[in-house]
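Asks: Here's a structure for you.
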Amino acid sequence: MVKASLAAGLLGLALFAIQMGGAPLSILLPLSLIGLAGALFLSRSMPKFLKVFVSVLAVVEVILAALLLADAFGLITGDLDAYVPPASMPVGATIFAFVIYGVSRIPVIGKIMGIADRYFDSTAPSVINVPLLGPVRASEGTIGTAFLAFLILINLGQVALSVRFNFFSRDMFNALQGKDGPAFWYQLLWIFVPLAGIYISVALVEIVSQYVLRIRWRTFLNGLYVREWLGDGTHYRMQLVGGGADNPDQRIADDLRSYVDQTYTLSIGLMNQSATLVSFIAILWALSRDFTLPGTDIPVPGLLVWVAILYALVGTWLTHVIGRPLIGLYFQQERVEADYRFSLARLREYTEQVALLDGEEAEKQALSRRFGMIVNNFMRIVGRVMNLTIFQAAYFQANVVVPYILTAPYYFIDKITLGQMQQTVGAFSSVQGALDFFITSYSTIASYKAVVDRLLTFEASIENVRRRDAGEHVELVPSTDSDLKVNDLTVALPEGRALMRADDVAFRQGETTLLTGPSGSGKSTLFRAISGIWPFGEGQIQIPKGQSMMLLPQRPYIPMGSLRAAVTYPGMHGVYDDAAIKDALRAAKLPALVDKLDEERAWAQTLSLGEQQRLAIARTLLARPDWLFLDEATAALDEPTEAEIYEMLKAKLPDTTIVSIGHRSTLAAFHDRRVDMQKQEDGLFAPVDTRQAEAAA
């Protein structure tokens, strides 16, 4: 493959050299087609996103070759001959195909394209409504690939139109110089007007198509990342394990949007500018082939090409030196902005506690400190952007006059016509603009690099959780009977330090059990291991096969939206009818909420903790699990209400086995058995059946 890529690259350079030497079409065209075939061969190892570019270039080159051959054999005549593309364009397509292959070998590009290909390689079935055709069913990856290919064709067409406009400029100014009225009006009405109409129509189609592609692309990646983040409790374990993936909400909501938009904009922009560069370098070389070094008789073939390249290289290097720190600054800005937004959201969630503690001044101080971090980093960005802008402004102002300074001496000695001078200036500006792509896009590239880094670290954090799960961990296996059993289990903290152990402990079906013990002894952690969201440690937990489990924490989660959604969570919309929901609320001692099912409020702030706990009990009545684990889930209730709740659960859910964590002595009356977490000789806590311990004593 290395030898093949080297040979292909050399062929591309040879093509360029032959083209600059003014080789005839009979040589350029076959070599271009052979070169493109080599690029297609190499593209097999490229990411799908970039492979689409090479495939479209192949189609374009075949079309261009057909037009050029038809013109060579006299099949295109009259006014249509003015629309035949120059012979340099097939060569440009071939060279650009090699450029894409070279870019694909850069490691960071491979990582960036890895995110993109998750969409373009997708086999998920989908449908799209196509004008005049109606609904078309295909995989989402196929639809995205078709859109991308179509947009690439449109942009290459726009480059071809720009090349044709360059020749129009030459012919129109020559007509003006020669005071040739018919030629002037012909160029204006029969060349410019049709080309301008096509250009505007194509631009409108491109706008609609790119927005459709970008929203479908983002929709797919959003769903993919949300599934991976929420799947198997990964979101919970990511917080415990750490690993640098701060603010996952921002990475999914904002960074994915920026990634899709900027990947499209930068890739299409790079292709557009590269195609422009190759096409106009050929024109510029031909125009300045006989130029001499200013003030001398020394010929310098393609003088303006070398000046444009040198000028752009110096500008690009200086831009990178000035703007490189922006990459780290943009990454930091995304983080501090997300931290500040999260602090505001957190404050909204705990407004009651803040008000009760009179903590407004402390919150103001904390928010001011976090916002100060935003301002400080932002001002560092402003300073760096200001320096970059000053340089870019001076650079681009010079761009306006440089081509005139270079071509004016040749015009004054009648070596070129006014039309050729304008064509040269236009070609120089196009080449310069293409070479300046890095300079004009530097801030965008810096921001894009920060976005990509955040997405890659987010994926790495998810992968880290999965890798840990694949190693030594607490294993959930089907039980041989109806009891829940714990064997040779050690529960650890995420960093690996053992917290508690349990061996030969069983929770028997139909027998209510109370788990007690001092704070920090591992009671809640044991519940989380049983529920499957705490894999840290080793050993086995045998779960009765086919039986459902539900765990209620001390502070339940209340989602945003209607009360109906809060009560039925995690059930989907429409699973429970209104009668069942109202009955559950009444049984949970919340009759005042029965007629508020469709009210949308911030229920997590509206309801007291005791009401939230009773709402969670109502969820249990709807879900009717086989096993119910209550982790101090009634701690905010007064003792009489707590007693009523336990009696009600026993009556409403006779087939549900309840296991509770609690500290109140009154809870013992509602359970058949008590298990106490006691410290062992090795310093770890372990569950001990109090009846067995008393019998042994």
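Residue numbers start at 1 in each chain; chains themselves are named A, B, ... in the order of the structure tokens; ligands are numbered from 1 in the order shown.
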Need the shell around segment 494-499 of chain A: protein/DNA/RNA residues with any atom at most 7 Å away, counting only C-alpha atoms. Skip same-chain ones fewer than 3 positions apart. Format as an MDAnalysis selection string?
Replies: chainID A and resid 240:241 490:491 522 536 684
Asks: How close does each residue of segment 344-441 of chain A get to segment 597-616 of chain A, giving the shortest atom pair and distance in Å to one decimal for every residue with an atom at most 9 Å away, counting only C-alpha atoms, sorted by chain and residue number, as CSV?
Replies:
residue,atom,partner,partner_atom,distance
A:Arg348,CA,A:Gln605,CA,8.3
A:Glu349,CA,A:Gln605,CA,6.5
A:Tyr350,CA,A:Gln605,CA,7.3
A:Thr351,CA,A:Gln605,CA,7.4
A:Glu352,CA,A:Gln605,CA,7.1
Asks: Which segment 168-247 of chain A residues have any atom within 12 Å of an atom of segment 130-154 of chain A, and for each, what is the nearest pair of atoms with distance in Å to one decimal, counting only C-alpha atoms, rows sorted by chain and number, as a tab-separated table?
Replies:
residue	atom	partner	partner_atom	distance
A:Ile198	CA	A:Ile154	CA	11.1
A:Tyr199	CA	A:Ile154	CA	9.8
A:Ile200	CA	A:Ile154	CA	11.7
A:Ser201	CA	A:Ile154	CA	10.6
A:Val202	CA	A:Ile154	CA	6.8
A:Ala203	CA	A:Ile154	CA	8.2
A:Leu204	CA	A:Ile154	CA	10.6
A:Val205	CA	A:Ile154	CA	8.6
A:Glu206	CA	A:Leu151	CA	6.4
A:Ile207	CA	A:Leu151	CA	9.4
A:Val208	CA	A:Leu151	CA	10.2
A:Ser209	CA	A:Phe147	CA	7.0
A:Gln210	CA	A:Leu151	CA	7.0
A:Tyr211	CA	A:Phe147	CA	10.2
A:Val212	CA	A:Phe147	CA	8.4
A:Leu213	CA	A:Phe147	CA	6.2
A:Arg214	CA	A:Gly144	CA	9.0
A:Ile215	CA	A:Gly144	CA	10.4
A:Arg216	CA	A:Gly144	CA	7.7
A:Trp217	CA	A:Gly144	CA	7.2
A:Arg218	CA	A:Gly144	CA	11.0
A:Thr219	CA	A:Glu140	CA	10.7
A:Phe220	CA	A:Glu140	CA	8.3
A:Leu221	CA	A:Glu140	CA	11.3
Asks: Give me a file of those residues, with C-alpha atoms, as a PDB file, in the first residue's frame.
Replies:
ATOM      1  CA  ILE A 198     -27.333  28.859 -12.880  1.00  0.00           C
ATOM      2  CA  TYR A 199     -25.066  30.000 -10.040  1.00  0.00           C
ATOM      3  CA  ILE A 200     -27.965  31.463  -8.020  1.00  0.00           C
ATOM      4  CA  SER A 201     -30.171  28.401  -8.569  1.00  0.00           C
ATOM      5  CA  VAL A 202     -27.387  26.037  -7.541  1.00  0.00           C
ATOM      6  CA  ALA A 203     -26.666  28.128  -4.430  1.00  0.00           C
ATOM      7  CA  LEU A 204     -30.308  27.899  -3.316  1.00  0.00           C
ATOM      8  CA  VAL A 205     -30.368  24.133  -3.807  1.00  0.00           C
ATOM      9  CA  GLU A 206     -27.116  23.828  -1.862  1.00  0.00           C
ATOM     10  CA  ILE A 207     -28.475  25.784   1.113  1.00  0.00           C
ATOM     11  CA  VAL A 208     -31.535  23.559   1.477  1.00  0.00           C
ATOM     12  CA  SER A 209     -29.597  20.324   0.924  1.00  0.00           C
ATOM     13  CA  GLN A 210     -26.828  21.094   3.399  1.00  0.00           C
ATOM     14  CA  TYR A 211     -29.292  22.003   6.152  1.00  0.00           C
ATOM     15  CA  VAL A 212     -31.187  18.736   5.616  1.00  0.00           C
ATOM     16  CA  LEU A 213     -27.933  16.745   5.757  1.00  0.00           C
ATOM     17  CA  ARG A 214     -26.682  18.536   8.861  1.00  0.00           C
ATOM     18  CA  ILE A 215     -29.884  18.064  10.884  1.00  0.00           C
ATOM     19  CA  ARG A 216     -30.160  14.377   9.920  1.00  0.00           C
ATOM     20  CA  TRP A 217     -26.481  13.851  10.721  1.00  0.00           C
ATOM     21  CA  ARG A 218     -26.828  15.563  14.094  1.00  0.00           C
ATOM     22  CA  THR A 219     -30.062  13.700  14.885  1.00  0.00           C
ATOM     23  CA  PHE A 220     -28.372  10.358  14.311  1.00  0.00           C
ATOM     24  CA  LEU A 221     -25.248  11.165  16.350  1.00  0.00           C
TER      25      LEU A 221
END
Asks: Looking only at alpha helix (DSSP H) from DSSP on the backbone, list the matching residues of segment 18-193 of chain A as a PyMOL selection string.
Replies: chain A and resi 18-20+25-42+48-72+88-104+107-120+140-177+181-186+193
Asks: Pick out the residues sitting within 8 Å of Gly517 of chain A, and hand them over as a list in words; count only C-alpha atoms, and ignore anything fewer than 3 positions along from it in its own chain.
Replies: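 The contact residues come out as Ser521, Lys523, His663, Asp676, Met677 and Gln678 of chain A.
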Asks: Compile a residue-level contact table for segment 156-199 of chain A against segment 404-417 of chain A at a cut-off of 12 Å, reporting for every qualifying residue the shortest atom pair and its distance in Å to one decimal, with only C-alpha atoms counted, rows ordered by chain and ascending number, as a tab-separated table.
Replies:
residue	atom	partner	partner_atom	distance
A:Arg170	CA	A:Thr417	CA	9.0
A:Asp171	CA	A:Thr417	CA	10.4
A:Met172	CA	A:Thr417	CA	11.6
A:Phe173	CA	A:Thr417	CA	8.7
A:Asn174	CA	A:Thr417	CA	7.0
A:Ala175	CA	A:Thr417	CA	10.5
A:Leu176	CA	A:Thr417	CA	10.8
A:Gln177	CA	A:Thr417	CA	8.1
A:Gly178	CA	A:Thr417	CA	9.9
Asks: Would you mind exporting the chosen residues as a CSV table (one decimal), in the first residue's frame, restricted to C-alpha atoms?
Replies:
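part-v4.csv written:
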chain,number,residue,atom,x,y,z
A,170,ARG,CA,-11.0,38.4,-19.8
A,171,ASP,CA,-13.3,38.5,-22.8
A,172,MET,CA,-15.4,41.4,-21.5
A,173,PHE,CA,-12.5,43.6,-20.7
A,174,ASN,CA,-10.9,42.9,-24.0
A,175,ALA,CA,-14.1,43.9,-25.6
A,176,LEU,CA,-14.1,47.1,-23.6
A,177,GLN,CA,-10.4,47.8,-24.5
A,178,GLY,CA,-11.2,47.3,-28.2
Asks: Tell me which of A:Leu649, A:Met572, A:Ala286, A:Leu630 sits closest to Gly662 of chain A, counting only C-alpha atoms.
Replies: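 Nearest candidate to Gly662 of chain A out of A:Leu649, A:Met572, A:Ala286, A:Leu630: A:Leu630.
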